[in-house]
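Okay, entry_38.cif now, which holds mmCIF, C-alpha atoms and all ligand atoms:
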```cif
data_coords
loop_
_atom_site.label_atom_id
_atom_site.label_comp_id
_atom_site.auth_asym_id
_atom_site.auth_seq_id
_atom_site.Cartn_x
_atom_site.Cartn_y
_atom_site.Cartn_z
CA MET A 6 -15.34 -28.12 -8.70
CA ASP A 7 -14.47 -29.75 -12.02
CA ARG A 8 -11.13 -31.04 -10.79
CA VAL A 9 -9.46 -31.39 -7.41
CA LEU A 10 -5.74 -31.60 -6.65
CA THR A 11 -5.01 -33.40 -3.38
CA ASN A 12 -2.07 -34.67 -1.32
CA LEU A 13 0.08 -31.61 -1.94
CA SER A 14 1.89 -28.79 -0.19
CA PHE A 15 1.41 -25.27 -1.50
CA VAL A 16 2.63 -21.72 -1.11
CA SER A 17 -0.19 -19.36 -2.06
CA MET A 18 2.02 -16.22 -2.43
CA GLN A 19 -0.88 -14.17 -1.11
CA PRO A 20 0.25 -10.98 0.65
CA GLU A 21 1.54 -11.38 4.22
CA THR A 22 1.37 -15.15 4.89
CA GLY A 23 1.71 -16.45 1.34
CA TYR A 24 5.17 -17.99 1.69
CA GLN A 25 4.07 -20.32 4.48
CA CYS A 26 4.14 -23.86 3.15
CA ILE A 27 0.72 -25.43 3.77
CA HIS A 28 0.86 -29.22 3.98
CA ASP A 29 -1.94 -31.70 3.27
CA GLY A 30 -3.45 -29.11 0.95
CA VAL A 31 -6.27 -29.26 -1.56
CA ILE A 32 -6.79 -27.01 -4.59
CA GLY A 33 -10.05 -27.08 -6.53
CA ILE A 34 -10.48 -25.85 -10.10
CA THR A 35 -13.71 -24.87 -11.82
CA GLY A 36 -13.40 -23.93 -15.50
CA ASN A 37 -10.26 -21.85 -15.79
CA LYS A 38 -10.43 -20.53 -12.21
CA ILE A 39 -9.27 -21.65 -8.78
CA SER A 40 -12.44 -22.39 -6.81
CA PHE A 41 -11.14 -23.95 -3.58
CA VAL A 42 -7.92 -23.54 -1.55
CA GLY A 43 -7.57 -25.27 1.80
CA LYS A 44 -6.61 -28.37 3.78
CA SER A 45 -7.92 -31.88 3.17
CA ASN A 46 -10.02 -31.74 6.39
CA ASP A 47 -11.99 -28.80 4.98
CA ALA A 48 -12.85 -30.42 1.66
CA ASP A 49 -15.53 -33.02 1.05
CA LEU A 50 -14.13 -35.03 -1.86
CA HIS A 51 -16.25 -38.11 -1.40
CA GLY A 52 -17.11 -39.55 -4.81
CA HIS A 53 -15.65 -36.60 -6.70
CA PRO A 54 -15.10 -37.75 -10.31
CA ASP A 55 -11.82 -35.95 -11.03
CA VAL A 56 -9.32 -36.10 -8.15
CA ILE A 57 -5.61 -35.84 -8.94
CA ASP A 58 -3.30 -37.22 -6.25
CA CYS A 59 -0.17 -35.03 -6.35
CA GLN A 60 1.78 -37.48 -4.17
CA GLY A 61 3.16 -34.86 -1.82
CA ALA A 62 4.33 -32.44 -4.54
CA LEU A 63 4.85 -28.71 -3.92
CA VAL A 64 2.46 -26.39 -5.80
CA THR A 65 3.18 -22.72 -6.51
CA PRO A 66 1.44 -20.18 -8.71
CA GLY A 67 2.55 -20.60 -12.33
CA PHE A 68 5.69 -18.52 -12.83
CA ILE A 69 5.51 -15.23 -14.72
CA ASP A 70 8.49 -13.99 -16.75
CA CYS A 71 7.53 -10.30 -16.93
CA HIS A 72 10.33 -9.01 -19.21
CA THR A 73 11.63 -10.82 -22.31
CA HIS A 74 12.78 -10.06 -25.84
CA LEU A 75 12.00 -13.62 -26.96
CA ILE A 76 11.45 -12.79 -30.62
CA PHE A 77 14.51 -12.06 -32.76
CA ALA A 78 16.70 -13.67 -35.43
CA GLY A 79 20.45 -14.36 -35.34
CA ASN A 80 22.68 -14.21 -32.31
CA ARG A 81 25.49 -11.98 -31.03
CA ALA A 82 28.16 -14.45 -29.91
CA ASN A 83 30.67 -12.37 -31.91
CA GLU A 84 29.97 -9.37 -29.67
CA PHE A 85 30.31 -11.57 -26.62
CA GLU A 86 33.83 -12.36 -27.84
CA GLN A 87 34.54 -8.67 -28.47
CA ARG A 88 33.35 -7.71 -25.01
CA LEU A 89 35.57 -10.33 -23.44
CA GLN A 90 38.47 -8.66 -25.23
CA GLY A 91 37.53 -5.43 -23.47
CA VAL A 92 35.19 -3.60 -25.87
CA PRO A 93 32.27 -2.11 -23.85
CA TYR A 94 28.58 -2.77 -24.70
CA GLU A 95 28.04 0.97 -25.32
CA THR A 96 30.96 1.14 -27.78
CA ILE A 97 29.64 -1.83 -29.76
CA ALA A 98 26.22 -0.13 -29.88
CA LYS A 99 27.70 3.21 -31.03
CA GLN A 100 29.57 1.40 -33.82
CA GLY A 101 26.26 0.12 -35.23
CA GLY A 102 26.42 -3.33 -33.64
CA GLY A 103 24.41 -4.29 -30.57
CA ILE A 104 20.65 -3.90 -30.90
CA LEU A 105 20.99 -2.76 -34.55
CA ALA A 106 22.77 -6.00 -35.52
CA THR A 107 19.73 -7.92 -34.29
CA VAL A 108 17.41 -5.45 -36.06
CA THR A 109 19.03 -6.29 -39.42
CA ALA A 110 18.63 -10.03 -38.84
CA THR A 111 15.06 -9.69 -37.55
CA ARG A 112 13.91 -7.51 -40.44
CA GLU A 113 15.15 -10.15 -42.87
CA ALA A 114 13.38 -13.03 -41.09
CA SER A 115 9.87 -14.21 -41.95
CA GLU A 116 7.10 -14.40 -39.35
CA ASP A 117 7.27 -18.21 -39.51
CA THR A 118 11.01 -18.22 -38.82
CA LEU A 119 10.64 -15.80 -35.91
CA TYR A 120 7.81 -17.92 -34.53
CA GLU A 121 9.84 -21.16 -34.70
CA LEU A 122 12.87 -19.54 -33.05
CA ALA A 123 10.78 -18.08 -30.23
CA ILE A 124 8.99 -21.39 -29.62
CA GLU A 125 12.34 -23.15 -29.09
CA ARG A 126 13.46 -20.51 -26.58
CA LEU A 127 10.14 -20.75 -24.80
CA GLU A 128 10.81 -24.42 -24.01
CA GLY A 129 13.51 -23.36 -21.54
CA LEU A 130 11.09 -21.04 -19.74
CA LYS A 131 8.35 -23.69 -19.62
CA ARG A 132 10.76 -26.15 -18.00
CA ASP A 133 11.07 -23.60 -15.20
CA GLY A 134 7.33 -23.50 -14.58
CA VAL A 135 6.49 -20.37 -16.58
CA THR A 136 2.81 -20.05 -17.52
CA THR A 137 2.79 -16.33 -18.48
CA VAL A 138 5.49 -14.57 -20.47
CA GLU A 139 5.79 -10.95 -21.50
CA ILE A 140 7.28 -10.49 -24.99
CA LYS A 141 8.55 -7.19 -26.40
CA SER A 142 9.01 -6.01 -29.95
CA GLY A 143 11.98 -3.66 -30.45
CA TYR A 144 14.07 -5.36 -33.12
CA GLY A 145 11.93 -4.13 -36.00
CA LEU A 146 12.06 -0.34 -35.51
CA SER A 147 9.72 0.38 -38.44
CA LEU A 148 5.93 0.33 -38.60
CA GLU A 149 5.89 -2.88 -40.58
CA ASP A 150 8.60 -4.74 -38.65
CA GLU A 151 7.39 -3.79 -35.17
CA LEU A 152 3.88 -5.00 -36.05
CA LYS A 153 5.40 -8.17 -37.53
CA MET A 154 7.10 -8.94 -34.21
CA LEU A 155 3.91 -8.28 -32.24
CA ARG A 156 1.90 -10.54 -34.57
CA VAL A 157 4.37 -13.34 -33.84
CA ALA A 158 3.92 -12.74 -30.09
CA LYS A 159 0.13 -12.87 -30.52
CA ARG A 160 0.47 -16.15 -32.43
CA ILE A 161 2.39 -17.63 -29.49
CA ASN A 162 -0.47 -16.50 -27.25
CA GLU A 163 -2.79 -18.80 -29.22
CA LEU A 164 -1.01 -21.86 -27.76
CA ASP A 165 -3.01 -23.51 -24.96
CA ASP A 166 -0.08 -23.91 -22.59
CA ILE A 167 1.28 -20.36 -22.34
CA LYS A 168 -0.19 -16.87 -21.90
CA VAL A 169 1.57 -13.91 -23.49
CA SER A 170 1.54 -10.20 -22.61
CA THR A 171 2.75 -8.11 -25.53
CA THR A 172 4.76 -4.91 -25.29
CA LEU A 173 5.62 -2.46 -28.05
CA LEU A 174 9.27 -1.38 -27.68
CA ALA A 175 9.70 0.68 -30.84
CA ALA A 176 11.73 3.18 -28.75
CA HIS A 177 14.52 0.64 -28.23
CA ALA A 178 17.16 2.12 -30.56
CA LEU A 179 17.35 4.62 -33.38
CA PRO A 180 16.97 2.80 -36.71
CA PRO A 181 19.64 3.57 -39.36
CA GLU A 182 17.10 5.37 -41.62
CA TYR A 183 16.61 7.96 -38.85
CA LYS A 184 20.29 8.49 -38.00
CA ASP A 185 20.69 12.01 -36.53
CA LYS A 186 16.88 12.47 -36.62
CA PRO A 187 15.72 10.93 -33.34
CA ASP A 188 12.75 13.28 -32.97
CA ASP A 189 11.44 12.30 -36.40
CA TYR A 190 11.59 8.66 -35.31
CA ILE A 191 9.69 9.55 -32.13
CA ASP A 192 7.07 11.21 -34.40
CA LEU A 193 6.77 7.93 -36.32
CA ILE A 194 6.33 5.99 -33.08
CA CYS A 195 3.71 8.38 -31.68
CA GLN A 196 1.80 9.10 -34.87
CA GLN A 197 1.89 5.75 -36.63
CA ILE A 198 3.32 2.78 -34.75
CA ILE A 199 1.46 3.20 -31.43
CA PRO A 200 -1.91 3.99 -33.11
CA ALA A 201 -1.57 0.97 -35.44
CA ALA A 202 -0.52 -1.41 -32.64
CA ALA A 203 -3.44 -0.20 -30.51
CA GLU A 204 -5.96 -0.35 -33.32
CA GLN A 205 -4.94 -3.89 -34.28
CA GLN A 206 -4.92 -4.89 -30.57
CA LEU A 207 -1.36 -6.14 -30.82
CA ALA A 208 0.10 -4.50 -27.69
CA ASP A 209 -0.87 -4.45 -24.02
CA ALA A 210 1.89 -1.99 -23.08
CA VAL A 211 4.50 0.39 -24.46
CA ASP A 212 8.14 0.34 -23.31
CA VAL A 213 11.12 2.65 -23.92
CA PHE A 214 14.92 2.47 -23.55
CA CYS A 215 15.66 5.63 -21.56
CA GLU A 216 19.45 5.87 -21.65
CA ASN A 217 22.30 7.91 -23.11
CA ILE A 218 22.59 5.27 -25.86
CA GLY A 219 18.77 5.08 -26.09
CA PHE A 220 16.28 7.95 -25.84
CA THR A 221 16.10 11.10 -23.70
CA ASN A 222 13.52 11.68 -20.99
CA ALA A 223 11.71 14.20 -23.19
CA GLN A 224 11.51 11.68 -26.05
CA CYS A 225 10.34 8.90 -23.71
CA GLN A 226 7.72 11.24 -22.27
CA ARG A 227 6.27 11.84 -25.75
CA VAL A 228 6.07 8.07 -26.31
CA PHE A 229 4.33 7.59 -22.96
CA ILE A 230 1.80 10.33 -23.72
CA ALA A 231 0.91 8.67 -27.03
CA ALA A 232 0.62 5.29 -25.27
CA ILE A 233 -1.74 6.73 -22.64
CA GLU A 234 -3.85 8.34 -25.36
CA HIS A 235 -4.28 4.91 -26.92
CA GLY A 236 -5.14 3.16 -23.65
CA LEU A 237 -1.91 1.19 -23.36
CA SER A 238 0.01 0.70 -20.14
CA LEU A 239 3.60 1.84 -19.65
CA LYS A 240 6.93 0.22 -18.83
CA GLY A 241 10.53 1.41 -18.99
CA HIS A 242 14.09 0.17 -19.44
CA THR A 243 15.53 2.71 -17.04
CA GLU A 244 18.67 3.40 -15.02
CA GLN A 245 20.43 0.39 -16.55
CA LEU A 246 23.76 1.97 -17.52
CA SER A 247 23.45 5.44 -15.96
CA ASN A 248 21.10 7.54 -13.83
CA GLN A 249 18.88 9.54 -16.20
CA GLY A 250 15.81 9.90 -13.97
CA GLY A 251 13.80 7.76 -16.38
CA SER A 252 12.34 5.59 -13.62
CA ALA A 253 10.84 8.60 -11.82
CA LEU A 254 9.45 9.89 -15.12
CA ALA A 255 7.89 6.51 -15.97
CA ALA A 256 6.47 6.08 -12.45
CA SER A 257 4.99 9.58 -12.43
CA MET A 258 3.17 8.79 -15.67
CA GLY A 259 1.73 5.56 -14.23
CA ALA A 260 4.14 2.86 -15.45
CA THR A 261 3.36 -0.59 -14.04
CA SER A 262 7.09 -1.34 -13.78
CA VAL A 263 10.56 0.07 -14.35
CA ASP A 264 13.18 -2.49 -15.25
CA HIS A 265 16.96 -2.91 -14.70
CA ILE A 266 17.33 0.09 -12.28
CA GLU A 267 20.91 -0.62 -11.16
CA HIS A 268 21.56 3.17 -11.10
CA LEU A 269 18.30 4.13 -9.36
CA ASP A 270 18.84 6.70 -6.56
CA GLN A 271 16.82 7.34 -3.40
CA GLN A 272 14.65 9.93 -5.12
CA GLY A 273 13.83 7.32 -7.77
CA VAL A 274 12.98 4.74 -5.08
CA ASN A 275 10.65 7.28 -3.42
CA SER A 276 8.96 7.89 -6.73
CA LEU A 277 8.31 4.15 -7.28
CA LYS A 278 6.86 3.94 -3.77
CA HIS A 279 4.67 7.00 -4.29
CA HIS A 280 3.23 5.80 -7.60
CA GLY A 281 2.95 2.07 -6.84
CA THR A 282 5.39 1.07 -9.57
CA VAL A 283 7.08 -2.33 -9.48
CA ALA A 284 10.91 -2.50 -9.55
CA THR A 285 11.85 -5.29 -11.97
CA LEU A 286 15.34 -6.71 -11.42
CA LEU A 287 17.16 -8.29 -14.36
CA PRO A 288 20.15 -10.05 -12.81
CA GLY A 289 20.96 -11.91 -16.06
CA ALA A 290 21.85 -8.66 -17.86
CA PHE A 291 23.79 -7.43 -14.80
CA TYR A 292 25.79 -10.65 -14.77
CA PHE A 293 26.28 -10.95 -18.53
CA LEU A 294 27.54 -7.35 -18.86
CA ARG A 295 29.70 -7.90 -15.77
CA GLU A 296 28.19 -4.78 -14.19
CA THR A 297 29.32 -3.69 -10.76
CA GLN A 298 26.65 -1.11 -9.85
CA MET A 299 24.11 -2.98 -7.72
CA PRO A 300 20.40 -2.11 -7.75
CA PRO A 301 19.39 -0.34 -4.50
CA ILE A 302 17.83 -3.43 -2.89
CA ALA A 303 18.01 -2.22 0.73
CA HIS A 304 16.25 1.05 -0.17
CA LEU A 305 13.58 -0.72 -2.24
CA ARG A 306 12.99 -3.11 0.63
CA ALA A 307 12.82 -0.30 3.21
CA ALA A 308 10.29 1.55 1.04
CA GLU A 309 8.33 -1.68 0.48
CA VAL A 310 8.49 -1.32 -3.28
CA PRO A 311 7.49 -4.67 -4.81
CA MET A 312 10.41 -6.31 -6.62
CA ALA A 313 9.90 -8.57 -9.65
CA ILE A 314 12.55 -10.73 -11.35
CA ALA A 315 12.68 -11.56 -15.05
CA THR A 316 15.03 -13.18 -17.57
CA ASP A 317 15.23 -10.20 -19.99
CA PHE A 318 15.95 -13.00 -22.47
CA ASN A 319 17.67 -11.26 -25.43
CA PRO A 320 20.68 -11.84 -27.71
CA GLY A 321 22.82 -8.98 -26.42
CA THR A 322 22.70 -8.80 -22.65
CA SER A 323 20.89 -11.89 -21.37
CA PRO A 324 20.84 -14.97 -23.63
CA MET A 325 19.54 -17.15 -20.80
CA ALA A 326 16.13 -18.81 -20.94
CA SER A 327 15.90 -19.85 -17.30
CA LEU A 328 13.78 -17.98 -14.80
CA ARG A 329 15.03 -20.17 -11.93
CA LEU A 330 18.60 -19.18 -12.81
CA MET A 331 17.46 -15.55 -12.46
CA MET A 332 15.92 -16.30 -9.05
CA ASN A 333 19.21 -17.84 -8.00
CA MET A 334 21.18 -14.85 -9.32
CA ALA A 335 18.80 -12.38 -7.66
CA SER A 336 19.63 -14.10 -4.37
CA THR A 337 23.37 -14.70 -4.87
CA LEU A 338 24.19 -11.42 -6.66
CA PHE A 339 21.62 -9.00 -5.19
CA GLY A 340 20.94 -10.63 -1.82
CA LEU A 341 17.22 -11.31 -2.19
CA THR A 342 15.82 -13.92 0.16
CA PRO A 343 14.31 -17.03 -1.49
CA GLU A 344 10.90 -15.67 -0.45
CA GLU A 345 11.60 -12.37 -2.24
CA SER A 346 12.83 -14.28 -5.28
CA LEU A 347 9.66 -16.37 -5.40
CA ARG A 348 7.47 -13.26 -5.01
CA GLY A 349 9.53 -11.79 -7.84
CA VAL A 350 8.33 -14.41 -10.32
CA THR A 351 4.76 -14.80 -9.04
CA CYS A 352 2.66 -12.08 -7.34
CA ASN A 353 5.07 -9.19 -8.01
CA ALA A 354 5.69 -10.24 -11.61
CA ALA A 355 1.90 -10.27 -12.10
CA GLN A 356 1.77 -6.72 -10.74
CA ALA A 357 4.57 -5.66 -13.11
CA LEU A 358 2.20 -6.66 -15.93
CA GLY A 359 -0.90 -5.17 -14.29
CA LEU A 360 -2.32 -8.71 -13.87
CA HIS A 361 -2.22 -9.00 -10.07
CA GLU A 362 -6.01 -9.18 -9.73
CA THR A 363 -6.12 -12.41 -11.72
CA ARG A 364 -2.70 -14.12 -11.67
CA GLY A 365 0.35 -14.75 -9.53
CA GLN A 366 -1.30 -16.19 -6.40
CA ILE A 367 -3.10 -19.37 -5.42
CA ARG A 368 -6.36 -17.79 -4.35
CA VAL A 369 -10.04 -18.48 -4.99
CA GLY A 370 -11.21 -16.59 -8.07
CA MET A 371 -7.79 -16.29 -9.68
CA GLU A 372 -6.91 -18.00 -12.96
CA ALA A 373 -5.89 -21.62 -12.45
CA ASP A 374 -2.23 -21.26 -13.48
CA LEU A 375 0.00 -23.46 -11.33
CA ALA A 376 3.43 -25.08 -11.29
CA ILE A 377 3.78 -28.49 -9.62
CA TRP A 378 7.24 -29.39 -8.37
CA GLN A 379 8.96 -32.47 -7.02
CA LEU A 380 10.36 -30.41 -4.16
CA GLU A 381 9.75 -30.20 -0.44
CA HIS A 382 10.48 -26.59 0.45
CA PRO A 383 9.95 -23.45 -1.65
CA ALA A 384 13.53 -22.25 -0.97
CA GLU A 385 14.70 -25.14 -3.19
CA LEU A 386 13.24 -23.27 -6.18
CA THR A 387 15.87 -20.56 -5.77
CA TYR A 388 18.66 -22.74 -4.43
CA ARG A 389 18.99 -25.36 -7.16
CA ILE A 390 19.53 -24.86 -10.90
CA GLY A 391 19.28 -27.24 -13.85
CA VAL A 392 17.64 -30.23 -12.13
CA PRO A 393 14.33 -31.20 -13.77
CA ASP A 394 12.16 -30.58 -10.70
CA LEU A 395 9.01 -29.60 -12.56
CA LEU A 396 6.27 -32.25 -12.72
CA ALA A 397 3.56 -30.28 -14.49
CA ARG A 398 2.19 -26.84 -15.30
CA VAL A 399 -1.48 -25.99 -15.13
CA VAL A 400 -2.67 -23.23 -17.47
CA ASP A 401 -6.28 -22.07 -17.20
CA GLY A 402 -7.08 -25.38 -15.46
CA ALA A 403 -5.53 -27.60 -18.18
CA PHE A 404 -2.60 -29.89 -17.25
CA PHE A 405 0.68 -29.98 -19.18
CA TYR A 406 3.04 -32.62 -17.87
CA ALA A 407 6.80 -31.93 -17.99
O1 LIG B 501 16.99 -5.19 -21.77
N1 LIG B 501 18.66 -2.36 -22.57
C1 LIG B 501 18.19 -2.49 -23.66
N2 LIG B 501 17.61 -3.58 -24.15
C2 LIG B 501 17.97 -4.93 -23.86
C3 LIG B 501 19.20 -5.34 -24.60
C4 LIG B 501 18.93 -5.53 -26.02
C5 LIG B 501 20.08 -6.00 -26.84
O2 LIG B 501 21.28 -5.76 -26.50
O3 LIG B 501 19.77 -6.61 -27.87
C6 LIG B 501 18.04 -5.18 -22.36
O4 LIG B 501 19.12 -5.38 -21.77
FE FE B 502 15.11 -5.72 -21.79
#
```
Translate this file's structure into C-alpha cells.
Amino acid sequence: MDRVLTNLSFVSMQPETGYQCIHDGVIGITGNKISFVGKSNDADLHGHPDVIDCQGALVTPGFIDCHTHLIFAGNRANEFEQRLQGVPYETIAKQGGGILATVTATREASEDTLYELAIERLEGLKRDGVTTVEIKSGYGLSLEDELKMLRVAKRINELDDIKVSTTLLAAHALPPEYKDKPDDYIDLICQQIIPAAAEQQLADAVDVFCENIGFTNAQCQRVFIAAIEHGLSLKGHTEQLSNQGGSALAASMGATSVDHIEHLDQQGVNSLKHHGTVATLLPGAFYFLRETQMPPIAHLRAAEVPMAIATDFNPGTSPMASLRLMMNMASTLFGLTPEESLRGVTCNAAQALGLHETRGQIRVGMEADLAIWQLEHPAELTYRIGVPDLLARVVDGAFFYA
C-alpha cells in the first residue's frame, strides 16, 4: 500500500450490505487503485510511511454525476421569467427559443470561453464530492460545433481532479438549417457526426431526445444503430414530457441508462428490468419545470431496476450545480430513501455510465475515487444542503482538499 487512510467510518456501497456504516475503518491505496478495505484490527500499519488520520470522518465512494449539459454559453433567465408568466417550456421551444437559444450562443463562443464557463460550473459539483462527471454535447447541432463541445469536455478530462465521460447528443433538437427536414439532419448525425466523433475518440456514448418536441422513435433508432456500428454506448432522454416508448426502444438496443422517465409506464419498467438498463432520475428538471407527473418509483423499486440520480445541469430545465441538492430532491419529491439516493450517485450512477466494474464502490481493485466528509451518518448527505461538509476528494489516489 502506498497510502493508508485510518480512523474513519465508511460506506462501501457494495451490493447488499454496502450502506452499513463501518466504524474504525481503514482504506489502503496502491497507485490509483483501492488495495485494502477493512477494520483497523485487520491492518498491520506499523511503521507505514504514509498514514493519513481522517479523525473520524465519513468516507464514501467519490460521487458520480451521470447526466449533465455542463458546456454551453449564455443563460435562459428570460425564459424562466416567461414560464413564470405561464408560457410552457414546449411553447418556448416551438417558437425557436429553448434549446435553440443556447445553440446560437454556444456556436458563437470559442472553445476557451466554453472551457472557462464549464470549469466555473464544475466547482459547484466538486464541492458536493463529485469525482466523475458525464458531459453531453447537444448545443452545437452541426458537425463542427458538436465536435467543438466534445473537445472542450475532453480538455476538462485532462484535469487531475475530475474524470469526464463524454456523450454525443447531436439529436437534441433540430437545428434551424434543417427546419422541416429532420430526416436529413438524422442522416448528417449518422453519416458524419457519429463517425467523426468515434474516429477522433471524442465520445464514449450517444444520446437522443426522444420526444414530441425532439425526435421520433424511428429517428432515434437510426441514431442508435449508427452509434452501435461505431462501438459507442447508448443513452436516452426519454419519457420526460410524454410517453413515447423511447425508454423501451433504448433499453432493447442496449442503452446503459434512460433518463428523466416521469412518463414511463409499466411496460417500460419491465423493459428496463429485462435489459438491465439504469433508470436515471433528474429531479432538478422535474422541479424547475414544475412538473406534476411523478416517475414510477414504486414500480422501478418492485422490479429492482437500479435508479441513478443526476443534476442534468443545463440552462433551460436545471440550472443547479449541486448533486446533493438532487439527492435531497429525489428523497423529498420522489420518496427515495437516503440509501437509494446515495446509491443513485455512486454505484448506480457508475452503472448508468457503464463504469460499475471500476467505480462507484469502495472495494479492493476499484479506482481510488473517494469523498471524505465531516459527517457522522450517511443519511446526512441527503438530509442537509449547502453546508460545506466536504473535507477532501480523492481522485485516482491523489488528494484534493476542499
Ligand atoms: O435534459 N430534455 C432535453 N434536454 C435538456 C434540456 C435542455 C435545455 O432546455 O436546454 C434536459 O432537460
Ligand atoms: Fe438532459
Can you work out which residues are within 7 Å of ligand FE 502 (chain B), considering all atoms listed in the file, and then hand them over as an MDAnalysis selection string? chainID A and resid 72:74 242 317
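Rounded to one decimal, CA of Ser336 in chain A and CA of Thr243 in chain A lie 21.4 Å from each other.
Atom pair CA of Asp165 in chain A / CA of Ala62 in chain A: separated by 23.5 Å.
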Within 8 Å of Glu244 in chain A using all atoms listed in the file, minus same-chain residues under 6 positions, as a compact mmCIF listing (two decimals) with C-alpha atoms, in the frame of the given file:
```txt
# COMPACT_ATOMS: atom_id res chain seq x y z
CA CYS A 215 15.66 5.63 -21.56
CA GLU A 216 19.45 5.87 -21.65
CA GLY A 250 15.81 9.90 -13.97
CA GLY A 251 13.80 7.76 -16.38
CA SER A 252 12.34 5.59 -13.62
CA HIS A 265 16.96 -2.91 -14.70
CA ILE A 266 17.33 0.09 -12.28
CA GLU A 267 20.91 -0.62 -11.16
CA HIS A 268 21.56 3.17 -11.10
CA LEU A 269 18.30 4.13 -9.36
```
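Between Asn37 in chain A and the candidates A:Val213, A:Ala201, A:Met6, A:Val350, the tightest atom-to-atom separation, counting all atoms listed in the file, involves A:Met6.
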Extract, using only C-alpha atoms, all DNA, RNA and protein residues at most 7 Å from range 324-335 of chain A, discarding same-chain residues fewer than 6 positions from it, and format them as a compact mmCIF listing (two decimals) with C-alpha atoms, in the frame of the given file.
```txt
# COMPACT_ATOMS: atom_id res chain seq x y z
CA ASP A 70 8.49 -13.99 -16.75
CA ARG A 126 13.46 -20.51 -26.58
CA GLY A 129 13.51 -23.36 -21.54
CA LEU A 130 11.09 -21.04 -19.74
CA ASP A 133 11.07 -23.60 -15.20
CA PRO A 288 20.15 -10.05 -12.81
CA GLY A 289 20.96 -11.91 -16.06
CA ILE A 314 12.55 -10.73 -11.35
CA ALA A 315 12.68 -11.56 -15.05
CA THR A 316 15.03 -13.18 -17.57
CA PHE A 318 15.95 -13.00 -22.47
CA LEU A 341 17.22 -11.31 -2.19
CA SER A 346 12.83 -14.28 -5.28
CA LEU A 386 13.24 -23.27 -6.18
CA THR A 387 15.87 -20.56 -5.77
CA TYR A 388 18.66 -22.74 -4.43
CA ILE A 390 19.53 -24.86 -10.90
```
Check your understanding: Which protein, DNA or RNA residues have an atom within 6 Å of ligand LIG 501 (chain B), counting only C-alpha atoms and all ligand atoms, as a PyMOL selection string?
Key -> chain A and resi 103-104+214+290+317+319-322
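Distance cut-off 9 Å, centre (0.3, -17.8, -20.5), atoms counted only C-alpha atoms; the residues meeting this are Gly67, Ile69, Val135, Thr136, Thr137, Val138, Glu139, Asn162, Leu164, Asp165, Asp166, Ile167, Lys168, Val169, Ser170, Asp374, Val400 and Asp401 of chain A.
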* How would you write as a ChimeraX atom specification the residues that get within 9 Å of (18.0, 0.9, -5.0) in the file's frame, counting only C-alpha atoms? -> /A:266-271,273-274,299-306
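Across the model, the gap from CA of Leu173 in chain A to CA of Leu207 in chain A is 8.4 Å.
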Padding 6 Å on every side, please: axis-aligned box over the listed atoms of range 103-113 of chain A, centre and edge lengths to one decimal in Å, as AutoDock Vina command-line options.
```
--center_x 19.2 --center_y -6.5 --center_z -36.7 --size_x 22.5 --size_y 19.4 --size_z 24.3
```
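Proximity of A:Pro54, A:Gly91, A:Pro311, A:Gly219 to Leu105 in chain A, computed with only C-alpha atoms, is greatest for A:Gly219.
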| task | For range 177-191 of chain A, work out the shell of residues within 12 Å, counting all atoms listed in the file and skipping chain neighbours fewer than 5 positions away, then give it as an MDAnalysis selection string. | result | chainID A and resid 74 98:109 112 141:148 150:151 172 196:199 211:231 241:243
If you keep C-alpha atoms, can you produce a file of those selected residues as a CSV table (one decimal), in the frame of the given file?
```
chain,number,residue,atom,x,y,z
A,74,HIS,CA,12.8,-10.1,-25.8
A,98,ALA,CA,26.2,-0.1,-29.9
A,99,LYS,CA,27.7,3.2,-31.0
A,100,GLN,CA,29.6,1.4,-33.8
A,101,GLY,CA,26.3,0.1,-35.2
A,102,GLY,CA,26.4,-3.3,-33.6
A,103,GLY,CA,24.4,-4.3,-30.6
A,104,ILE,CA,20.6,-3.9,-30.9
A,105,LEU,CA,21.0,-2.8,-34.6
A,106,ALA,CA,22.8,-6.0,-35.5
A,107,THR,CA,19.7,-7.9,-34.3
A,108,VAL,CA,17.4,-5.4,-36.1
A,109,THR,CA,19.0,-6.3,-39.4
A,112,ARG,CA,13.9,-7.5,-40.4
A,141,LYS,CA,8.6,-7.2,-26.4
A,142,SER,CA,9.0,-6.0,-30.0
A,143,GLY,CA,12.0,-3.7,-30.4
A,144,TYR,CA,14.1,-5.4,-33.1
A,145,GLY,CA,11.9,-4.1,-36.0
A,146,LEU,CA,12.1,-0.3,-35.5
A,147,SER,CA,9.7,0.4,-38.4
A,148,LEU,CA,5.9,0.3,-38.6
A,150,ASP,CA,8.6,-4.7,-38.6
A,151,GLU,CA,7.4,-3.8,-35.2
A,172,THR,CA,4.8,-4.9,-25.3
A,196,GLN,CA,1.8,9.1,-34.9
A,197,GLN,CA,1.9,5.8,-36.6
A,198,ILE,CA,3.3,2.8,-34.8
A,199,ILE,CA,1.5,3.2,-31.4
A,211,VAL,CA,4.5,0.4,-24.5
A,212,ASP,CA,8.1,0.3,-23.3
A,213,VAL,CA,11.1,2.6,-23.9
A,214,PHE,CA,14.9,2.5,-23.6
A,215,CYS,CA,15.7,5.6,-21.6
A,216,GLU,CA,19.4,5.9,-21.6
A,217,ASN,CA,22.3,7.9,-23.1
A,218,ILE,CA,22.6,5.3,-25.9
A,219,GLY,CA,18.8,5.1,-26.1
A,220,PHE,CA,16.3,8.0,-25.8
A,221,THR,CA,16.1,11.1,-23.7
A,222,ASN,CA,13.5,11.7,-21.0
A,223,ALA,CA,11.7,14.2,-23.2
A,224,GLN,CA,11.5,11.7,-26.0
A,225,CYS,CA,10.3,8.9,-23.7
A,226,GLN,CA,7.7,11.2,-22.3
A,227,ARG,CA,6.3,11.8,-25.8
A,228,VAL,CA,6.1,8.1,-26.3
A,229,PHE,CA,4.3,7.6,-23.0
A,230,ILE,CA,1.8,10.3,-23.7
A,231,ALA,CA,0.9,8.7,-27.0
A,241,GLY,CA,10.5,1.4,-19.0
A,242,HIS,CA,14.1,0.2,-19.4
A,243,THR,CA,15.5,2.7,-17.0
```
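Considering the residues A:Leu254, A:Leu155, A:Ile32, A:Ala373 and counting only C-alpha atoms, Leu13 in chain A has its shortest atom-to-atom contact with A:Ile32.
Closest approach to Glu345 in chain A among A:Pro20, A:Pro200, A:Gly359, A:Gly134 is made by A:Pro20 (distances from all atoms listed in the file).
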Asp117 in chain A: which residues within 12 Å, counting only C-alpha atoms, same-chain residues fewer than 4 positions away excluded, as a PyMOL selection string?
-> chain A and resi 76-78+111+113+121-124+153-154+156-158+160-161
